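This is final.cif. It holds mmCIF, C-alpha atoms.
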```cif
data_structure
#
loop_
_atom_site.label_atom_id
_atom_site.label_comp_id
_atom_site.auth_asym_id
_atom_site.auth_seq_id
_atom_site.Cartn_x
_atom_site.Cartn_y
_atom_site.Cartn_z
CA MET A 1 0.00 0.00 0.00
CA PRO A 2 1.36 3.45 -0.90
CA LEU A 3 2.69 5.41 2.09
CA LYS A 4 0.28 8.27 1.28
CA ASN A 5 -2.70 5.94 1.71
CA VAL A 6 -1.36 4.69 5.06
CA PHE A 7 -1.21 8.24 6.42
CA GLN A 8 -4.76 8.91 5.17
CA ILE A 9 -6.06 5.84 7.04
CA MET A 10 -4.22 6.86 10.24
CA SER A 11 -5.62 10.39 10.01
CA SER A 12 -9.13 9.05 9.50
CA ASN A 13 -8.84 6.84 12.60
CA VAL A 14 -7.69 9.74 14.77
CA ASP A 15 -10.59 11.91 13.57
CA SER A 16 -13.10 9.15 14.27
CA VAL A 17 -11.83 8.64 17.81
CA GLY A 18 -11.60 12.38 18.52
CA VAL A 19 -9.58 14.17 21.16
CA ARG A 20 -10.99 13.66 24.65
CA LYS A 21 -12.21 16.90 26.15
CA SER A 22 -10.86 17.92 29.53
CA ALA A 23 -13.21 18.01 32.50
CA GLN A 24 -13.08 21.81 32.57
CA GLU A 25 -14.03 22.00 28.88
CA HIS A 26 -17.11 19.88 29.58
CA ILE A 27 -18.06 22.04 32.57
CA LYS A 28 -17.72 25.20 30.46
CA THR A 29 -20.59 24.00 28.27
CA LEU A 30 -22.88 24.37 31.31
CA GLY A 31 -22.28 28.12 31.52
CA TYR A 32 -19.14 28.35 33.66
CA ARG A 33 -16.07 30.38 32.73
CA PHE A 34 -12.83 29.88 34.64
CA ILE A 35 -11.14 33.24 35.25
CA ALA A 36 -8.18 32.79 37.61
CA ARG A 37 -6.73 30.47 40.23
CA LEU A 38 -7.26 31.78 43.77
CA GLY A 39 -5.33 29.17 45.75
CA GLU A 40 -4.80 25.48 46.33
CA GLY A 41 -4.81 22.86 49.05
CA THR A 42 -3.45 19.35 49.41
CA PHE A 43 -5.93 17.72 47.02
CA SER A 44 -7.73 20.71 45.51
CA LYS A 45 -7.43 24.01 43.68
CA VAL A 46 -9.75 26.99 44.02
CA TYR A 47 -10.70 29.10 40.99
CA LEU A 48 -12.61 32.31 40.45
CA THR A 49 -15.34 31.55 37.92
CA GLU A 50 -18.29 33.25 36.30
CA TYR A 51 -21.62 31.52 35.79
CA THR A 52 -24.05 32.73 33.14
CA HIS A 53 -27.64 31.80 33.92
CA LYS A 54 -29.65 29.77 31.43
CA ASP A 55 -31.60 32.76 30.17
CA ALA A 56 -28.22 34.49 29.52
CA SER A 57 -29.56 37.69 31.06
CA THR A 58 -27.48 37.63 34.25
CA SER A 59 -24.22 36.20 35.51
CA GLU A 60 -22.53 35.87 38.89
CA LYS A 61 -19.00 35.40 40.20
CA LEU A 62 -18.44 32.09 41.99
CA ALA A 63 -15.57 30.28 43.62
CA CYS A 64 -14.94 26.73 42.38
CA LYS A 65 -13.21 24.13 44.51
CA LEU A 66 -11.80 21.57 42.08
CA ILE A 67 -10.80 18.23 43.60
CA ASP A 68 -8.86 15.75 41.48
CA THR A 69 -9.74 12.33 42.90
CA ALA A 70 -6.89 10.76 40.90
CA ALA A 71 -4.43 12.72 43.05
CA CYS A 72 -6.18 12.08 46.38
CA SER A 73 -5.04 9.63 49.02
CA PRO A 74 -7.21 6.49 49.26
CA LYS A 75 -8.37 7.49 52.77
CA PHE A 76 -9.45 10.96 51.64
CA LYS A 77 -11.20 9.59 48.56
CA LYS A 78 -13.13 6.87 50.37
CA LYS A 79 -13.81 8.56 53.72
CA PHE A 80 -13.51 12.34 53.88
CA LEU A 81 -14.60 13.35 50.36
CA PRO A 82 -17.98 11.52 50.37
CA ARG A 83 -18.67 12.96 53.84
CA GLU A 84 -17.93 16.50 52.68
CA LEU A 85 -20.15 16.23 49.60
CA ALA A 86 -23.01 14.62 51.54
CA ILE A 87 -22.93 17.41 54.13
CA LEU A 88 -22.76 20.15 51.47
CA LEU A 89 -25.90 18.68 49.93
CA ARG A 90 -27.80 19.19 53.18
CA ILE A 91 -26.69 22.50 54.65
CA ARG A 92 -28.42 25.79 53.93
CA HIS A 93 -27.82 28.64 56.36
CA PRO A 94 -27.29 32.42 56.02
CA HIS A 95 -23.91 32.26 57.78
CA ILE A 96 -22.57 29.25 55.88
CA ILE A 97 -21.13 29.69 52.40
CA ARG A 98 -23.79 28.94 49.77
CA VAL A 99 -23.07 26.01 47.47
CA GLN A 100 -24.49 26.70 44.01
CA ALA A 101 -23.81 23.34 42.34
CA MET A 102 -21.66 20.22 42.56
CA MET A 103 -20.75 17.87 39.74
CA LYS A 104 -18.25 15.21 38.70
CA CYS A 105 -16.54 14.86 35.34
CA HIS A 106 -13.76 12.36 34.65
CA SER A 107 -11.80 12.14 37.91
CA LYS A 108 -12.58 15.69 38.98
CA ILE A 109 -15.15 17.06 41.42
CA PHE A 110 -16.37 20.65 40.90
CA ILE A 111 -17.91 22.49 43.87
CA PHE A 112 -19.26 25.90 42.87
CA MET A 113 -19.99 28.25 45.76
CA ARG A 114 -20.49 31.89 46.58
CA TYR A 115 -17.38 33.99 46.01
CA ALA A 116 -16.26 35.88 49.13
CA GLU A 117 -14.71 39.04 47.76
CA MET A 118 -12.88 40.09 50.95
CA GLY A 119 -11.00 36.82 51.46
CA ASP A 120 -10.64 34.94 54.75
CA LEU A 121 -10.70 36.20 58.33
CA LEU A 122 -7.04 35.49 59.05
CA THR A 123 -5.89 37.59 56.11
CA PHE A 124 -8.21 40.37 57.27
CA ILE A 125 -6.83 40.30 60.82
CA LEU A 126 -3.23 40.29 59.61
CA ALA A 127 -3.99 43.35 57.48
CA HIS A 128 -6.08 45.33 60.02
CA GLY A 129 -5.04 44.08 63.44
CA PRO A 130 -7.25 42.96 66.34
CA ILE A 131 -10.95 43.29 65.67
CA GLY A 132 -12.79 45.51 68.13
CA GLU A 133 -15.10 43.91 70.68
CA ASN A 134 -18.28 45.24 69.04
CA GLN A 135 -17.37 43.76 65.66
CA THR A 136 -16.24 40.48 67.25
CA ARG A 137 -19.67 40.28 68.88
CA ILE A 138 -21.40 40.51 65.48
CA TRP A 139 -19.15 38.08 63.63
CA GLY A 140 -18.84 35.78 66.64
CA ARG A 141 -22.60 35.46 66.92
CA HIS A 142 -22.91 34.65 63.24
CA MET A 143 -20.39 31.84 63.60
CA ALA A 144 -22.12 30.56 66.74
CA LEU A 145 -25.44 30.46 64.88
CA ALA A 146 -23.78 28.50 62.07
CA LEU A 147 -22.41 26.00 64.61
CA GLN A 148 -25.79 25.75 66.35
CA TYR A 149 -27.38 24.89 63.02
CA LEU A 150 -24.77 22.21 62.27
CA HIS A 151 -24.99 20.66 65.73
CA GLU A 152 -28.79 20.54 65.46
CA LEU A 153 -28.32 18.60 62.21
CA GLY A 154 -26.02 16.19 64.02
CA ILE A 155 -22.94 17.50 62.19
CA ALA A 156 -19.61 18.64 63.66
CA HIS A 157 -17.35 20.91 61.60
CA ARG A 158 -14.03 19.79 63.18
CA ASP A 159 -11.93 22.43 61.40
CA LEU A 160 -13.14 25.78 62.68
CA LYS A 161 -10.40 28.39 62.22
CA CYS A 162 -9.89 31.90 60.85
CA GLU A 163 -8.83 30.58 57.43
CA ASN A 164 -12.22 28.90 57.05
CA ILE A 165 -14.22 32.03 57.83
CA LEU A 166 -14.83 33.99 54.61
CA ILE A 167 -15.83 37.65 54.35
CA THR A 168 -18.19 38.95 51.66
CA SER A 169 -18.15 42.35 49.98
CA ASN A 170 -20.66 43.75 52.50
CA PHE A 171 -18.53 42.47 55.41
CA ASN A 172 -20.61 39.48 56.44
CA VAL A 173 -18.86 36.28 57.50
CA LYS A 174 -19.54 32.79 56.14
CA LEU A 175 -18.34 29.46 57.50
CA SER A 176 -16.69 27.29 54.83
CA ASP A 177 -14.59 24.17 54.18
CA PHE A 178 -16.33 21.01 55.35
CA GLY A 179 -13.49 18.67 54.45
CA PHE A 180 -13.27 17.27 58.01
CA ALA A 181 -16.96 17.59 58.91
CA ARG A 182 -18.86 14.46 59.83
CA HIS A 183 -22.19 13.17 61.09
CA ILE A 184 -21.90 12.49 64.81
CA MET A 185 -25.31 11.02 65.64
CA LYS A 186 -25.91 7.28 65.69
CA ASP A 187 -29.10 5.67 66.98
CA GLY A 188 -30.13 8.98 68.55
CA ALA A 189 -26.90 9.50 70.52
CA ALA A 190 -23.69 11.40 69.82
CA GLU A 191 -20.89 9.14 68.61
CA LEU A 192 -17.38 9.97 69.80
CA SER A 193 -14.73 10.80 67.21
CA SER A 194 -11.26 9.30 67.23
CA THR A 195 -9.66 10.91 64.18
CA TYR A 196 -7.11 13.66 64.81
CA CYS A 197 -8.00 16.36 62.31
CA GLY A 198 -8.17 20.10 61.93
CA SER A 199 -5.53 22.66 62.85
CA PHE A 200 -3.14 22.16 65.77
CA ASP A 201 -3.59 25.76 66.95
CA TYR A 202 -7.34 25.22 67.37
CA ALA A 203 -7.21 21.64 68.73
CA ALA A 204 -8.86 20.97 72.10
CA PRO A 205 -6.84 19.22 74.85
CA GLU A 206 -8.84 16.00 74.51
CA ILE A 207 -7.75 15.82 70.85
CA LEU A 208 -4.10 16.44 71.69
CA LYS A 209 -4.32 13.72 74.34
CA GLY A 210 -5.42 11.28 71.64
CA GLN A 211 -8.58 10.08 73.35
CA PRO A 212 -12.04 9.68 71.76
CA TYR A 213 -13.79 13.04 71.91
CA ASP A 214 -17.16 14.73 71.53
CA ALA A 215 -16.68 16.66 68.29
CA ARG A 216 -19.29 19.23 69.29
CA ALA A 217 -17.30 20.12 72.41
CA SER A 218 -14.08 20.35 70.38
CA ASP A 219 -15.89 22.67 67.95
CA MET A 220 -16.62 24.97 70.88
CA TRP A 221 -12.98 24.96 72.01
CA ALA A 222 -11.99 25.99 68.48
CA TYR A 223 -14.69 28.67 68.62
CA GLY A 224 -13.10 30.01 71.81
CA VAL A 225 -9.71 30.17 70.08
CA LEU A 226 -11.39 31.95 67.17
CA LEU A 227 -12.78 34.66 69.48
CA TYR A 228 -9.39 35.00 71.16
CA VAL A 229 -7.61 35.49 67.83
CA MET A 230 -10.15 38.08 66.69
CA LEU A 231 -9.66 40.09 69.88
CA ASN A 232 -5.88 39.67 70.24
CA LYS A 233 -4.38 39.03 66.79
CA SER A 234 -2.48 36.23 68.47
CA MET A 235 -2.87 32.57 69.41
CA PRO A 236 -3.60 31.71 73.07
CA PHE A 237 -1.15 28.79 73.07
CA LYS A 238 2.22 28.31 71.39
CA GLY A 239 4.80 25.53 71.42
CA ARG A 240 5.04 21.80 70.86
CA THR A 241 2.23 19.37 71.62
CA LYS A 242 3.23 18.53 75.21
CA VAL A 243 3.86 22.17 76.15
CA VAL A 244 0.56 23.31 74.61
CA TYR A 245 -1.41 20.48 76.23
CA GLU A 246 -0.05 21.28 79.69
CA ALA A 247 -0.78 24.99 79.21
CA GLN A 248 -4.33 24.18 78.12
CA MET A 249 -4.97 21.95 81.13
CA ASP A 250 -3.47 24.52 83.54
CA ARG A 251 -5.37 27.39 81.88
CA LYS A 252 -2.09 29.22 81.27
CA TRP A 253 -3.23 31.83 78.79
CA GLN A 254 -4.09 35.49 79.03
CA PHE A 255 -5.30 38.37 76.93
CA ARG A 256 -2.53 40.51 75.49
CA SER A 257 -1.63 43.60 77.47
CA ARG A 258 -2.38 46.00 74.63
CA VAL A 259 -6.04 44.88 74.41
CA ARG A 260 -6.72 43.61 77.92
CA HIS A 261 -7.85 46.97 79.31
CA LYS A 262 -10.15 47.58 76.32
CA LEU A 263 -12.16 44.39 76.73
CA SER A 264 -15.24 43.93 78.90
CA SER A 265 -15.26 41.42 81.75
CA GLN A 266 -18.13 39.61 79.99
CA VAL A 267 -16.16 38.73 76.87
CA LYS A 268 -13.19 37.65 78.98
CA LEU A 269 -15.42 35.29 80.98
CA LEU A 270 -16.99 33.93 77.80
CA VAL A 271 -13.62 33.06 76.25
CA GLY A 272 -12.61 31.49 79.56
CA ASN A 273 -15.70 29.27 79.59
CA LEU A 274 -14.97 28.19 76.00
CA LEU A 275 -11.27 27.48 76.67
CA GLU A 276 -12.33 25.19 79.51
CA PRO A 277 -10.11 22.06 79.46
CA ASN A 278 -12.91 19.83 80.76
CA PRO A 279 -15.20 19.19 77.74
CA ILE A 280 -18.09 18.17 80.01
CA ILE A 281 -18.43 21.64 81.55
CA ARG A 282 -17.17 23.62 78.55
CA TYR A 283 -19.81 26.00 77.19
CA THR A 284 -22.08 24.51 74.54
CA VAL A 285 -23.23 26.58 71.59
CA GLU A 286 -26.62 27.10 73.26
CA GLU A 287 -24.99 28.40 76.45
CA THR A 288 -22.76 30.64 74.36
CA LEU A 289 -25.64 32.22 72.46
CA ALA A 290 -27.59 32.72 75.70
CA TYR A 291 -24.63 34.42 77.39
CA GLY A 292 -25.08 38.03 78.44
CA TRP A 293 -22.34 39.36 76.15
CA TYR A 294 -24.58 38.49 73.20
CA THR A 295 -28.02 39.03 74.71
CA GLU A 296 -27.30 42.47 76.20
CA ASN A 297 -27.71 43.85 72.69
CA PRO A 298 -31.49 43.94 71.99
CA LYS A 299 -30.89 43.35 68.26
CA MET A 300 -29.17 40.05 69.06
CA ARG A 301 -31.84 38.56 71.30
CA ALA A 302 -34.04 37.40 68.43
CA LEU A 303 -33.25 35.52 65.26
CA ARG A 304 -33.75 37.10 61.87
CA PRO A 305 -36.37 35.34 59.70
CA ASP A 306 -33.72 33.55 57.58
CA GLU A 307 -31.81 32.42 60.70
CA LEU A 308 -35.01 31.13 62.32
CA HIS A 309 -36.07 29.35 59.13
CA ALA A 310 -32.72 27.53 58.87
CA LEU A 311 -32.73 26.49 62.54
CA THR A 312 -36.33 25.26 62.32
CA GLU A 313 -35.43 23.18 59.26
CA ALA A 314 -32.44 21.70 61.09
CA ARG A 315 -34.53 20.68 64.08
CA GLY A 316 -37.03 18.92 61.83
CA CYS A 317 -34.48 17.26 59.59
CA THR A 318 -33.04 13.78 59.85
CA THR A 319 -29.51 13.45 58.51
CA ASP A 320 -27.14 10.55 58.93
CA SER A 321 -24.42 8.53 57.24
CA ARG A 322 -26.87 7.15 54.66
CA ASP A 323 -26.40 10.41 52.78
CA VAL A 324 -22.78 9.39 52.32
CA LEU A 325 -23.81 6.13 50.64
CA GLN A 326 -25.94 8.05 48.12
CA VAL A 327 -22.99 10.32 47.27
CA LYS A 328 -20.67 7.34 46.87
CA SER A 329 -23.05 5.83 44.33
CA LYS A 330 -22.85 9.01 42.24
CA LEU A 331 -19.07 9.10 42.48
CA ARG A 332 -18.93 5.59 41.01
CA VAL A 333 -20.56 6.73 37.77
CA SER A 334 -17.91 6.80 35.05
CA GLY A 335 -17.57 7.53 31.35
CA SER A 336 -15.30 9.47 29.09
CA ASP A 337 -17.74 12.35 28.56
CA VAL A 338 -20.15 11.92 31.47
CA ILE A 339 -21.03 14.82 33.77
CA THR A 340 -22.62 13.50 36.95
CA THR A 341 -24.71 16.06 38.82
CA ILE A 342 -24.32 15.78 42.58
CA LYS A 343 -26.17 19.03 43.33
CA ALA A 344 -28.09 20.74 40.54
CA VAL A 345 -28.09 24.50 40.00
CA ASP A 346 -31.16 26.17 41.51
CA GLU A 347 -31.77 29.08 39.15
CA THR A 348 -34.34 30.53 41.57
CA ASP A 349 -31.99 30.47 44.56
CA GLY A 350 -30.05 33.66 43.93
CA GLY A 351 -28.54 33.66 47.40
CA ARG A 352 -31.81 33.46 49.30
CA HIS A 353 -29.91 33.67 52.55
CA GLY A 354 -28.07 36.84 51.62
CA SER A 355 -27.78 38.96 54.74
CA SER A 356 -29.15 42.46 54.92
CA LEU A 357 -26.74 43.34 57.71
CA SER A 358 -23.86 45.58 56.69
CA VAL A 359 -21.00 46.41 59.03
CA LYS A 360 -19.10 48.82 56.81
CA THR A 361 -19.54 51.46 59.49
CA SER A 362 -17.05 49.61 61.72
CA THR A 363 -14.18 49.79 59.22
CA ILE A 364 -12.75 52.85 61.00
CA GLU A 365 -12.76 51.00 64.32
CA LEU A 366 -11.00 48.02 62.76
CA ILE A 367 -8.22 50.17 61.33
CA GLN A 368 -7.78 52.05 64.59
CA ASP A 369 -7.17 48.73 66.36
CA ALA A 370 -4.44 47.77 63.87
CA SER A 371 -1.24 46.34 65.28
CA SER A 372 2.16 45.51 63.82
CA ASP A 373 2.24 42.14 65.57
CA VAL A 374 1.47 39.01 63.61
CA ILE A 375 -0.03 35.64 64.31
CA ALA A 376 2.32 32.70 64.48
CA ASP A 377 2.83 30.67 61.30
CA ARG A 378 -0.23 28.82 60.04
CA LYS A 379 -0.35 25.15 60.83
#
```

Let me see whether you can do it: turn the structure in this file into structure tokens.
Amino acid sequence: MPLKNVFQIMSSNVDSVGVRKSAQEHIKTLGYRFIARLGEGTFSKVYLTEYTHKDASTSEKLACKLIDTAACSPKFKKKFLPRELAILLRIRHPHIIRVQAMMKCHSKIFIFMRYAEMGDLLTFILAHGPIGENQTRIWGRHMALALQYLHELGIAHRDLKCENILITSNFNVKLSDFGFARHIMKDGAAELSSTYCGSFDYAAPEILKGQPYDARASDMWAYGVLLYVMLNKSMPFKGRTKVVYEAQMDRKWQFRSRVRHKLSSQVKLLVGNLLEPNPIIRYTVEETLAYGWYTENPKMRALRPDELHALTEARGCTTDSRDVLQVKSKLRVSGSDVITTIKAVDETDGGRHGSSLSVKTSTIELIQDASSDVIADRK
């Protein structure tokens, strides 16, 4: 056969097979445009994207967490990833980042969520210094309400930290990153956790000791650290594991001298009750929200309609590990050009839980509290 004919046959075969589209190219056909990479984690990358609605009349900026399951560890792929996706399917709260859609294509998982224009809380604190007590009260209550909602659903976050608190353009905070979250209820009772996870700086003493722990109580310890960091621009404990554990158990921490005289006795007592080494008597989220530091403000005594609606839904909802099995079944779907929808886009959603509260008026206070000190290296 002439060489020319051989090349023609080879070319024809290549055309018939076609070049396999990348996962991102498939996702683009659904109305998403990838603009820039915002950051990356161990098994994921985060992109700024733009989504054009089906009627093509409006578009919105979104963040996309892209997880490549081919690069994940077996433990993450089989245990943590299905948990995260199952929980993201359930949650819907004004102070938790809104998930717009989730889908799988090839080996990649795409999680599209609200884009927080102001970045994370740690970056904000490093730029502006300690957050004043009044602002900490507002943001702290929002995070407590988010935790209350999760705990009512029988879910523990297990990775509460400043990096996982995102700030929107109108200065509202949203809890994010459910990579270590898990269902904690089994047969109507809380099941103890045994996995060491989360950030060392926010880890409760029972976790550092390596004993089974109530993940709700460890969430509240991390919440206490969060309040401390917001008020001090510093961590309450520093050092190696043994040194930190002993300091936690002996309550060897204090507010920094430059902010100590500015803070009320109520907020100091609240942080003390949250950084309680005994998890049995440590403040719960309900005790925290009922504490006078929050309730002394008349505007904070009642829930907004969207907060009340979310909490009511949580109290009437049954969620357990069976959700994980449903997600795993979707993750098993394969095919060269298959897009598996895990959570469909709700075109009518439009950020139903968008908050009407704006705290731009406190920007001056935040800048006045600025300090040149920095938080210790991230763990």

Using only C-alpha atoms for the distances, tell me which of A:Leu48, A:Ala190, A:Leu274, A:Leu227 is nearest to A:Arg141. A:Leu227

Name the closest residue to A:Thr195 among the candidates A:Ile281, A:Lys75, A:Leu66, A:Trp139; distances are taken between atoms, counting all atoms listed in the file.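 Of all the options, A:Lys75 lies closest to A:Thr195.
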
Given all atoms listed in the file as the basis, pick out the residue of A:Leu126, A:Ser265, A:Leu166, A:Gly140 nearest to A:Ala63.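 Smallest separation from A:Ala63 among the options: A:Leu166.
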
The PyMOL selection byres ((chain A and resi 254) around 12) on the file shown: which residues, as a list of chain:residue names? A:Val225, A:Tyr228, A:Val229, A:Leu231, A:Asn232, A:Ser234, A:Met235, A:Pro236, A:Phe237, A:Ala247, A:Gln248, A:Asp250, A:Arg251, A:Lys252, A:Trp253, A:Phe255, A:Arg256, A:Ser257, A:Arg258, A:Val259, A:Arg260, A:Lys268, A:Leu269, A:Val271, A:Gly272, A:Leu275

Counting only C-alpha atoms, select every polymer residue within 8 Å of (-22.3, 16.1, 53.4) as defined in the file's coordinates, and provide the selection as a list in words. Pro82, Arg83, Glu84, Leu85, Ala86, Ile87, Leu88, Leu89, Arg90, Ile91, Phe178, Ala181, Arg182, Asp323 and Val324 of chain A

Go through A:Leu289, A:Phe76, A:Ala71, A:Tyr32 one by one, measure the shortest atom-to-atom distance of each to A:Ala302 using only C-alpha atoms, and give the residue with the smallest value.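 Under the stated criterion, the closest residue is A:Leu289.
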
Selection dump of the PyMOL selection byres ((chain A and resi 210) around 12), as a ChimeraX atom specification: /A:193-197,203-209,211-213,241-242,245

In Å, rounded to a single decimal, give me how far atom CA of A:Ile27 is from atom CA of A:Gln100. 13.9 Å

Measure the distance from atom CA of A:Val46 to atom CA of A:Ala314 in Å and round it to one decimal.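 Taking atom CA of A:Val46 and atom CA of A:Ala314, their separation equals 28.9 Å.
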
Return the single residue from A:Gly31, A:Asn134, A:Glu25, A:Ala101 that is closest to A:Ser59, with distances computed using all atoms listed in the file. A:Gly31

To one decimal place, how far is atom CA of A:Gly316 from atom CA of A:Tyr115 in Å?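 Interatomic distance here is 29.4 Å.
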
With only C-alpha atoms as the basis for distance, which of A:Lys238, A:Arg304, A:His309, A:His151 is at the shortest distance from A:His183?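 Nearest to A:His183: A:His151.
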
Step by step, gather every atom of stretch 66-74 of chain A that the file lists, find the box along x, y and z that holds them, add 6 Å on each side, and finally give centre and edge lengths in Å to one decimal, as AutoDock Vina command-line options.
```
--center_x -8.1 --center_y 14.0 --center_z 45.1 --size_x 19.4 --size_y 27.1 --size_z 20.4
```

Care to translate the PyMOL selection byres ((chain A and resi 214-217) around 6) into actual residues of this file, as a list in words? Ala156, Leu192, Tyr213, Ser218, Asp219, Met220 and Pro279 of chain A

Which residues are close to stretch 28-30 of chain A, i.e. within 9 Å by all atoms listed in the file, leaving aside same-chain residues fewer than 5 positions away? Reply as a PDB file with C-alpha atoms, in the coordinates of the input.
```
ATOM      1  CA  ALA A  23     -13.210  18.010  32.500  1.00  0.00           C
ATOM      2  CA  TYR A  51     -21.620  31.520  35.790  1.00  0.00           C
ATOM      3  CA  THR A  52     -24.050  32.730  33.140  1.00  0.00           C
ATOM      4  CA  LYS A  54     -29.650  29.770  31.430  1.00  0.00           C
TER       5      LYS A  54
END
```

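For A:Gly119, the residues within 7 Å (counting all atoms listed in the file, excluding itself and residues fewer than 2 positions away along the chain) are Ala116, Glu117, Leu121, Thr123, Leu166 and Ile167 of chain A.
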
Any chance you could export the current selection's C-alpha atoms as a tab-separated table (two decimals), keeping the file's coordinate frame?
```
chain	number	residue	atom	x	y	z
A	116	ALA	CA	-16.26	35.88	49.13
A	117	GLU	CA	-14.71	39.04	47.76
A	121	LEU	CA	-10.70	36.20	58.33
A	123	THR	CA	-5.89	37.59	56.11
A	166	LEU	CA	-14.83	33.99	54.61
A	167	ILE	CA	-15.83	37.65	54.35
```

Residue rebuild result stretch 117-134 of chain A, N, CA and C atoms as a PDB file, in the frame of the given file:
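File rebuild-v7.pdb, as written:
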```
ATOM      1  N   GLU A 117     -15.607  38.053  48.373  1.00  0.00           N
ATOM      2  CA  GLU A 117     -14.710  39.040  47.760  1.00  0.00           C
ATOM      3  C   GLU A 117     -13.601  39.532  48.690  1.00  0.00           C
ATOM      4  N   MET A 118     -13.844  39.531  50.014  1.00  0.00           N
ATOM      5  CA  MET A 118     -12.880  40.090  50.950  1.00  0.00           C
ATOM      6  C   MET A 118     -11.900  39.068  51.513  1.00  0.00           C
ATOM      7  N   GLY A 119     -11.957  37.831  51.021  1.00  0.00           N
ATOM      8  CA  GLY A 119     -11.000  36.820  51.460  1.00  0.00           C
ATOM      9  C   GLY A 119     -11.362  36.209  52.802  1.00  0.00           C
ATOM     10  N   ASP A 120     -10.366  35.626  53.481  1.00  0.00           N
ATOM     11  CA  ASP A 120     -10.640  34.940  54.750  1.00  0.00           C
ATOM     12  C   ASP A 120     -10.331  35.828  55.948  1.00  0.00           C
ATOM     13  N   LEU A 121     -10.796  35.404  57.104  1.00  0.00           N
ATOM     14  CA  LEU A 121     -10.700  36.200  58.330  1.00  0.00           C
ATOM     15  C   LEU A 121      -9.254  36.375  58.783  1.00  0.00           C
ATOM     16  N   LEU A 122      -8.430  35.359  58.631  1.00  0.00           N
ATOM     17  CA  LEU A 122      -7.040  35.490  59.050  1.00  0.00           C
ATOM     18  C   LEU A 122      -6.320  36.572  58.262  1.00  0.00           C
ATOM     19  N   THR A 123      -6.502  36.562  56.945  1.00  0.00           N
ATOM     20  CA  THR A 123      -5.890  37.590  56.110  1.00  0.00           C
ATOM     21  C   THR A 123      -6.364  38.974  56.513  1.00  0.00           C
ATOM     22  N   PHE A 124      -7.642  39.080  56.851  1.00  0.00           N
ATOM     23  CA  PHE A 124      -8.210  40.370  57.270  1.00  0.00           C
ATOM     24  C   PHE A 124      -7.574  40.842  58.573  1.00  0.00           C
ATOM     25  N   ILE A 125      -7.416  39.931  59.533  1.00  0.00           N
ATOM     26  CA  ILE A 125      -6.830  40.300  60.820  1.00  0.00           C
ATOM     27  C   ILE A 125      -5.366  40.689  60.658  1.00  0.00           C
ATOM     28  N   LEU A 126      -4.632  39.960  59.845  1.00  0.00           N
ATOM     29  CA  LEU A 126      -3.230  40.290  59.610  1.00  0.00           C
ATOM     30  C   LEU A 126      -3.082  41.672  58.980  1.00  0.00           C
ATOM     31  N   ALA A 127      -4.057  42.055  58.162  1.00  0.00           N
ATOM     32  CA  ALA A 127      -3.990  43.350  57.480  1.00  0.00           C
ATOM     33  C   ALA A 127      -4.453  44.494  58.372  1.00  0.00           C
ATOM     34  N   HIS A 128      -5.460  44.242  59.260  1.00  0.00           N
ATOM     35  CA  HIS A 128      -6.080  45.330  60.020  1.00  0.00           C
ATOM     36  C   HIS A 128      -5.856  45.263  61.517  1.00  0.00           C
ATOM     37  N   GLY A 129      -5.276  44.187  62.006  1.00  0.00           N
ATOM     38  CA  GLY A 129      -5.040  44.080  63.440  1.00  0.00           C
ATOM     39  C   GLY A 129      -6.215  43.497  64.188  1.00  0.00           C
ATOM     40  N   PRO A 130      -6.155  43.513  65.531  1.00  0.00           N
ATOM     41  CA  PRO A 130      -7.250  42.960  66.340  1.00  0.00           C
ATOM     42  C   PRO A 130      -8.583  43.594  65.973  1.00  0.00           C
ATOM     43  N   ILE A 131      -9.613  42.787  65.975  1.00  0.00           N
ATOM     44  CA  ILE A 131     -10.950  43.290  65.670  1.00  0.00           C
ATOM     45  C   ILE A 131     -11.589  43.784  66.960  1.00  0.00           C
ATOM     46  N   GLY A 132     -12.176  44.946  66.921  1.00  0.00           N
ATOM     47  CA  GLY A 132     -12.790  45.510  68.130  1.00  0.00           C
ATOM     48  C   GLY A 132     -13.852  44.592  68.709  1.00  0.00           C
ATOM     49  N   GLU A 133     -14.151  44.783  69.988  1.00  0.00           N
ATOM     50  CA  GLU A 133     -15.100  43.910  70.680  1.00  0.00           C
ATOM     51  C   GLU A 133     -16.490  43.958  70.046  1.00  0.00           C
ATOM     52  N   ASN A 134     -16.950  45.137  69.628  1.00  0.00           N
ATOM     53  CA  ASN A 134     -18.280  45.240  69.040  1.00  0.00           C
ATOM     54  C   ASN A 134     -18.383  44.429  67.748  1.00  0.00           C
TER      55      ASN A 134
END
```
